[in-house]
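Okay, work01.csv now, which holds CSV, C-alpha atoms and all ligand atoms:
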```
chain,number,residue,atom,x,y,z
A,1,MET,CA,16.7,-9.8,8.5
A,2,ARG,CA,17.0,-8.8,4.9
A,3,THR,CA,14.0,-10.0,3.0
A,4,ARG,CA,14.5,-10.2,-0.7
A,5,ASN,CA,11.0,-10.4,-1.8
A,6,PRO,CA,8.6,-9.8,1.0
A,7,LEU,CA,5.7,-9.1,-1.3
A,8,ASN,CA,5.6,-12.8,-2.4
A,9,LEU,CA,5.8,-14.4,1.0
A,10,ASN,CA,2.2,-14.7,1.8
A,11,ASN,CA,0.5,-14.3,-1.6
A,12,GLU,CA,-2.1,-17.0,-1.0
A,13,ARG,CA,-3.2,-15.1,2.1
A,14,LYS,CA,-3.5,-11.8,0.5
A,15,CYS,CA,-6.0,-10.4,-1.9
A,16,SER,CA,-6.1,-7.2,-3.8
A,17,MET,CA,-8.3,-4.3,-2.8
A,18,LYS,CA,-10.0,-4.5,-6.2
A,19,ARG,CA,-11.1,-8.0,-5.2
A,20,ILE,CA,-12.2,-6.8,-1.8
A,21,ILE,CA,-14.2,-4.2,-3.5
A,22,ALA,CA,-15.7,-6.7,-5.9
A,23,ALA,CA,-16.5,-9.0,-3.0
A,24,ALA,CA,-18.1,-6.2,-1.1
A,25,VAL,CA,-20.2,-5.2,-4.1
A,26,LEU,CA,-21.2,-8.8,-4.5
A,27,MET,CA,-22.2,-9.2,-0.9
A,28,ALA,CA,-24.3,-6.1,-1.1
A,29,ALA,CA,-25.9,-7.2,-4.4
A,30,SER,CA,-26.6,-10.9,-3.6
A,31,SER,CA,-26.6,-13.0,-0.5
A,32,GLY,CA,-26.2,-16.7,-0.5
A,33,THR,CA,-24.1,-16.9,-3.6
A,34,ALA,CA,-20.8,-18.6,-3.2
A,35,LEU,CA,-18.5,-15.7,-3.8
A,36,ALA,CA,-14.9,-15.0,-4.1
A,37,ALA,CA,-13.7,-18.1,-2.3
A,38,GLY,CA,-10.4,-19.2,-3.6
A,39,THR,CA,-10.2,-16.5,-6.2
A,40,HIS,CA,-7.6,-14.4,-4.6
A,41,ALA,CA,-4.6,-15.7,-6.5
A,42,GLY,CA,-3.4,-13.5,-9.4
A,43,GLY,CA,-5.7,-10.7,-8.5
A,44,HIS,CA,-3.1,-8.0,-8.9
A,45,GLY,CA,-0.6,-6.7,-11.4
A,46,ASP,CA,-1.8,-5.4,-14.7
A,47,LYS,CA,-4.5,-3.1,-13.4
A,48,ALA,CA,-1.8,-1.0,-11.7
A,49,ALA,CA,-1.0,0.5,-15.1
A,50,ALA,CA,-4.2,2.5,-14.9
A,51,MET,CA,-3.5,4.1,-11.5
A,52,PRO,CA,-3.2,7.9,-11.6
A,53,ILE,CA,-0.3,7.7,-9.2
A,54,GLY,CA,1.7,5.6,-11.7
A,55,ASN,CA,2.9,2.1,-12.1
A,56,PRO,CA,5.5,-0.4,-10.9
A,57,GLY,CA,8.9,0.7,-12.2
A,58,GLU,CA,11.9,-1.1,-13.4
A,59,ALA,CA,14.8,-1.4,-11.0
A,60,GLY,CA,17.3,-0.3,-13.6
A,61,LYS,CA,15.5,3.0,-14.0
A,62,ALA,CA,15.4,3.9,-10.3
A,63,ASN,CA,18.0,6.6,-9.9
A,64,ARG,CA,16.9,7.6,-6.4
A,65,THR,CA,16.2,5.7,-3.2
A,66,VAL,CA,13.9,7.0,-0.5
A,67,ASN,CA,14.1,5.4,2.9
A,68,ILE,CA,10.8,5.3,4.8
A,69,SER,CA,10.4,4.0,8.3
A,70,MET,CA,7.2,2.9,10.1
A,71,SER,CA,7.0,3.1,13.8
A,72,GLU,CA,5.0,3.8,16.9
A,73,LYS,CA,5.7,6.1,19.8
A,74,ASP,CA,5.1,5.5,23.5
A,75,ASP,CA,2.2,7.9,23.4
A,76,GLY,CA,0.4,5.7,20.8
A,77,THR,CA,1.2,7.9,17.9
A,78,MET,CA,2.1,6.0,14.7
A,79,LEU,CA,4.1,7.5,12.0
A,80,PHE,CA,6.0,7.3,8.7
A,81,GLN,CA,9.3,9.1,8.5
A,82,PRO,CA,9.4,11.0,6.3
A,83,ALA,CA,5.8,11.8,5.8
A,84,MET,CA,6.3,13.9,2.7
A,85,LEU,CA,7.7,12.7,-0.6
A,86,LYS,CA,8.6,15.0,-3.5
A,87,VAL,CA,9.2,13.5,-6.8
A,88,LYS,CA,9.1,14.5,-10.5
A,89,LYS,CA,6.6,13.3,-13.1
A,90,GLY,CA,8.1,10.3,-14.8
A,91,GLU,CA,10.6,9.7,-12.1
A,92,THR,CA,11.2,6.1,-11.0
A,93,VAL,CA,12.0,5.8,-7.3
A,94,ARG,CA,13.1,3.0,-5.1
A,95,LEU,CA,11.0,3.2,-1.9
A,96,LYS,CA,12.8,1.3,0.8
A,97,PHE,CA,10.8,0.5,3.9
A,98,VAL,CA,11.7,-0.7,7.4
A,99,ASN,CA,9.2,-1.4,10.1
A,100,LYS,CA,10.8,-0.2,13.3
A,101,GLY,CA,7.7,-0.8,15.3
A,102,GLN,CA,6.3,-3.5,17.4
A,103,VAL,CA,3.2,-4.3,15.2
A,104,ASP,CA,2.5,-4.9,11.5
A,105,HIS,CA,2.4,-1.8,9.4
A,106,GLU,CA,1.7,-1.2,5.7
A,107,PHE,CA,2.2,1.4,3.1
A,108,VAL,CA,-0.4,2.2,0.5
A,109,MET,CA,-0.1,5.0,-1.9
A,110,ASP,CA,-2.9,6.4,-4.1
A,111,VAL,CA,-5.0,9.4,-4.8
A,112,HIS,CA,-6.5,10.8,-1.6
A,113,ASP,CA,-10.0,9.5,-2.4
A,114,GLY,CA,-8.7,6.1,-3.1
A,115,ILE,CA,-6.9,6.0,0.3
A,116,MET,CA,-10.1,7.0,2.1
A,117,GLU,CA,-12.1,4.3,0.2
A,118,HIS,CA,-9.4,1.7,1.2
A,119,LYS,CA,-9.5,2.9,4.8
A,120,ALA,CA,-13.3,2.4,5.0
A,121,LEU,CA,-13.0,-1.1,3.5
A,122,MET,CA,-10.2,-2.0,5.8
A,123,GLU,CA,-12.4,-1.0,8.8
A,124,LYS,CA,-15.1,-3.3,7.4
A,125,PHE,CA,-12.8,-6.2,6.6
A,126,PRO,CA,-9.9,-5.9,9.1
A,127,GLU,CA,-8.5,-9.3,8.2
A,128,MET,CA,-7.9,-8.3,4.6
A,129,GLU,CA,-4.5,-7.5,3.4
A,130,HIS,CA,-3.8,-6.0,0.0
A,131,ALA,CA,-1.2,-7.4,-2.3
A,132,ASP,CA,-1.5,-4.6,-4.9
A,133,PRO,CA,1.8,-3.4,-6.3
A,134,ASN,CA,1.3,0.1,-4.8
A,135,SER,CA,1.3,-1.3,-1.3
A,136,ILE,CA,3.5,-3.3,1.1
A,137,ARG,CA,2.8,-4.8,4.5
A,138,LEU,CA,5.7,-5.5,6.9
A,139,ALA,CA,5.9,-7.4,10.1
A,140,PRO,CA,7.9,-5.8,13.0
A,141,GLY,CA,11.6,-5.6,12.0
A,142,ALA,CA,10.9,-6.4,8.4
A,143,ARG,CA,12.2,-4.6,5.4
A,144,GLY,CA,10.9,-4.3,1.9
A,145,GLU,CA,10.7,-2.1,-1.2
A,146,ILE,CA,8.5,-0.8,-3.9
A,147,ILE,CA,10.0,0.4,-7.2
A,148,TRP,CA,7.6,2.9,-8.6
A,149,THR,CA,7.2,5.2,-11.6
A,150,PHE,CA,5.2,8.3,-10.8
A,151,ALA,CA,3.5,8.8,-14.1
A,152,ASN,CA,1.4,11.9,-13.5
A,153,ALA,CA,1.9,15.2,-11.7
A,154,GLY,CA,-0.3,15.9,-8.8
A,155,GLU,CA,-0.9,15.6,-5.1
A,156,PHE,CA,-1.2,12.0,-3.8
A,157,GLY,CA,-1.1,10.4,-0.4
A,158,PHE,CA,0.1,7.4,1.4
A,159,ALA,CA,-1.1,5.7,4.6
A,160,CYS,CA,-1.2,2.6,6.7
A,161,LEU,CA,-4.7,1.4,6.6
A,162,ILE,CA,-4.6,-1.3,9.3
A,163,PRO,CA,-7.6,-0.2,11.4
A,164,GLY,CA,-6.7,2.6,13.8
A,165,HIS,CA,-3.3,3.3,12.3
A,166,TYR,CA,-4.2,6.1,10.0
A,167,ASP,CA,-6.1,7.9,12.8
A,168,SER,CA,-3.0,7.5,15.0
A,169,GLY,CA,-1.0,9.4,12.4
A,170,MET,CA,0.2,7.0,9.8
A,171,LYS,CA,-0.3,9.1,6.7
A,172,GLY,CA,1.7,11.2,4.4
A,173,ASP,CA,1.8,13.1,1.2
A,174,ILE,CA,3.4,12.6,-2.2
A,175,SER,CA,3.8,15.6,-4.4
A,176,VAL,CA,4.6,14.8,-8.0
A,177,ALA,CA,5.9,17.9,-9.8
A,178,ASN,CA,5.7,18.5,-13.5
B,201,CU,CU,0.4,0.9,10.7
```
Using structure tokens, write down the structure from this file.
Amino acid sequence: MRTRNPLNLNNERKCSMKRIIAAAVLMAASSGTALAAGTHAGGHGDKAAAMPIGNPGEAGKANRTVNISMSEKDDGTMLFQPAMLKVKKGETVRLKFVNKGQVDHEFVMDVHDGIMEHKALMEKFPEMEHADPNSIRLAPGARGEIIWTFANAGEFGFACLIPGHYDSGMKGDISVAN
């Protein structure tokens, strides 16, 4: 049950949101061009350094672990527990996830606008998965983790952007204090 590196399991199937956005822009700009086919590999990593919410952290610097579960309730509600994270600017945190539900779930953290943009894209391209370092997708029963350094103070968010899940309640807030 313990998965050492779930992020790398299906890399060839995944593509980053940046590439989805690029593909969407291309589709809008030109039709008929052979676009994006087979270009998904290696589409993530370095660009995370520029994210306002921070960047992938070093395991050795993580002095705190936060356990986050993903699940559904009988009434159709979907949720993260907890749905509120409080961290300090510069803090490196080990976010440990477990999908206790019956369907796939994901965790994506970003500025609120970024989450809403991702949400709209996921609704247009429901088959897309992101492999960005600020996200993780887990099958039912799977576990995984993200080690992250929250570089800037501010209010951020997280969500599951599999179509329908956000609207069923899968969202939360990250407050990064100075
Ligand atoms: Cu979900």
Check: Between atom CU of ligand CU 201 (chain B) and CA of Gly57 in chain A, what is the distance, to one decimal in Å?
Finding: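 Interatomic distance, atom CU of ligand CU 201 (chain B) to CA of Gly57 in chain A: 24.4 Å.
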Check: Can you tell me how far CA of Phe80 in chain A sits from CA of Met122 in chain A, in Å to one decimal?
Finding: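 Spanning CA of Phe80 in chain A to CA of Met122 in chain A is a straight-line distance of 18.9 Å.
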Check: Mind pulling up the distance from CA of Arg137 in chain A to CA of Val103 in chain A?
Finding: 10.7 Å
Counting only C-alpha atoms and all ligand atoms, what are the residues, protein, DNA or RNA alike, that approach ligand CU 201 (chain B) to within 10 Å? I want them as a compact mmCIF listing (two decimals) with C-alpha atoms, in the coordinates of the input.
```txt
# COMPACT_ATOMS: atom_id res chain seq x y z
CA MET A 70 7.20 2.90 10.10
CA SER A 71 7.00 3.10 13.80
CA GLU A 72 5.00 3.80 16.90
CA MET A 78 2.10 6.00 14.70
CA LEU A 79 4.10 7.50 12.00
CA PHE A 80 6.00 7.30 8.70
CA ASN A 99 9.20 -1.40 10.10
CA GLY A 101 7.70 -0.80 15.30
CA GLN A 102 6.30 -3.50 17.40
CA VAL A 103 3.20 -4.30 15.20
CA ASP A 104 2.50 -4.90 11.50
CA HIS A 105 2.40 -1.80 9.40
CA GLU A 106 1.70 -1.20 5.70
CA PHE A 107 2.20 1.40 3.10
CA ARG A 137 2.80 -4.80 4.50
CA LEU A 138 5.70 -5.50 6.90
CA ALA A 139 5.90 -7.40 10.10
CA ALA A 159 -1.10 5.70 4.60
CA CYS A 160 -1.20 2.60 6.70
CA LEU A 161 -4.70 1.40 6.60
CA ILE A 162 -4.60 -1.30 9.30
CA PRO A 163 -7.60 -0.20 11.40
CA GLY A 164 -6.70 2.60 13.80
CA HIS A 165 -3.30 3.30 12.30
CA TYR A 166 -4.20 6.10 10.00
CA ASP A 167 -6.10 7.90 12.80
CA SER A 168 -3.00 7.50 15.00
CA GLY A 169 -1.00 9.40 12.40
CA MET A 170 0.20 7.00 9.80
CA LYS A 171 -0.30 9.10 6.70
```
Next item on the list: Have a look at A:Val176, A:Ile136, A:Ala151, A:Leu85 and name the one nearest to Asn67 in chain A; count all atoms listed in the file.
Entry: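 Residue with the minimum atom-to-atom distance to Asn67 in chain A: A:Leu85.
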Margin query: For a quick check of understanding, using all atoms listed in the file, which of A:Pro126, A:Pro133, A:Pro140, A:Gly154 has the smallest distance to Gly90 in chain A?
Written below: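 Of A:Pro126, A:Pro133, A:Pro140, A:Gly154, the one nearest Gly90 in chain A, counting all atoms listed in the file, is A:Gly154.
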Note to self: Restricting the calculation to only C-alpha atoms: of A:Ile146, A:Ala83, A:Met51, A:Ala59, which residue gets closest to Phe97 in chain A?
What the structure shows: A:Ile146
Next item on the list: Using only C-alpha atoms, pick whichever of A:Glu145, A:His130, A:Val108, A:Val87 has the shortest atom-to-atom distance to Asn178 in chain A.
Entry: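 The answer is A:Val87, which sits nearest to Asn178 in chain A.
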Notebook entry, point to check: Within 12 Å of (16.4, 3.7, -16.0), all atoms listed in the file: residues as a PyMOL selection string?
Noted result: chain A and resi 57-64+90-94+147-149
Note to self: With distances taken over only C-alpha atoms, which residue among A:Lys96, A:His112, A:Lys124, A:Lys119 lies nearest Pro82 in chain A?
What the structure shows: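 Going through A:Lys96, A:His112, A:Lys124, A:Lys119 one by one, the smallest distance to Pro82 in chain A is for A:Lys96.
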Notebook entry, point to check: Of the candidates A:Ala50, A:Val98, A:Ala120, A:Ala177, which shows the shortest atom-to-atom distance to Val66 in chain A, using only C-alpha atoms?
Noted result: A:Val98
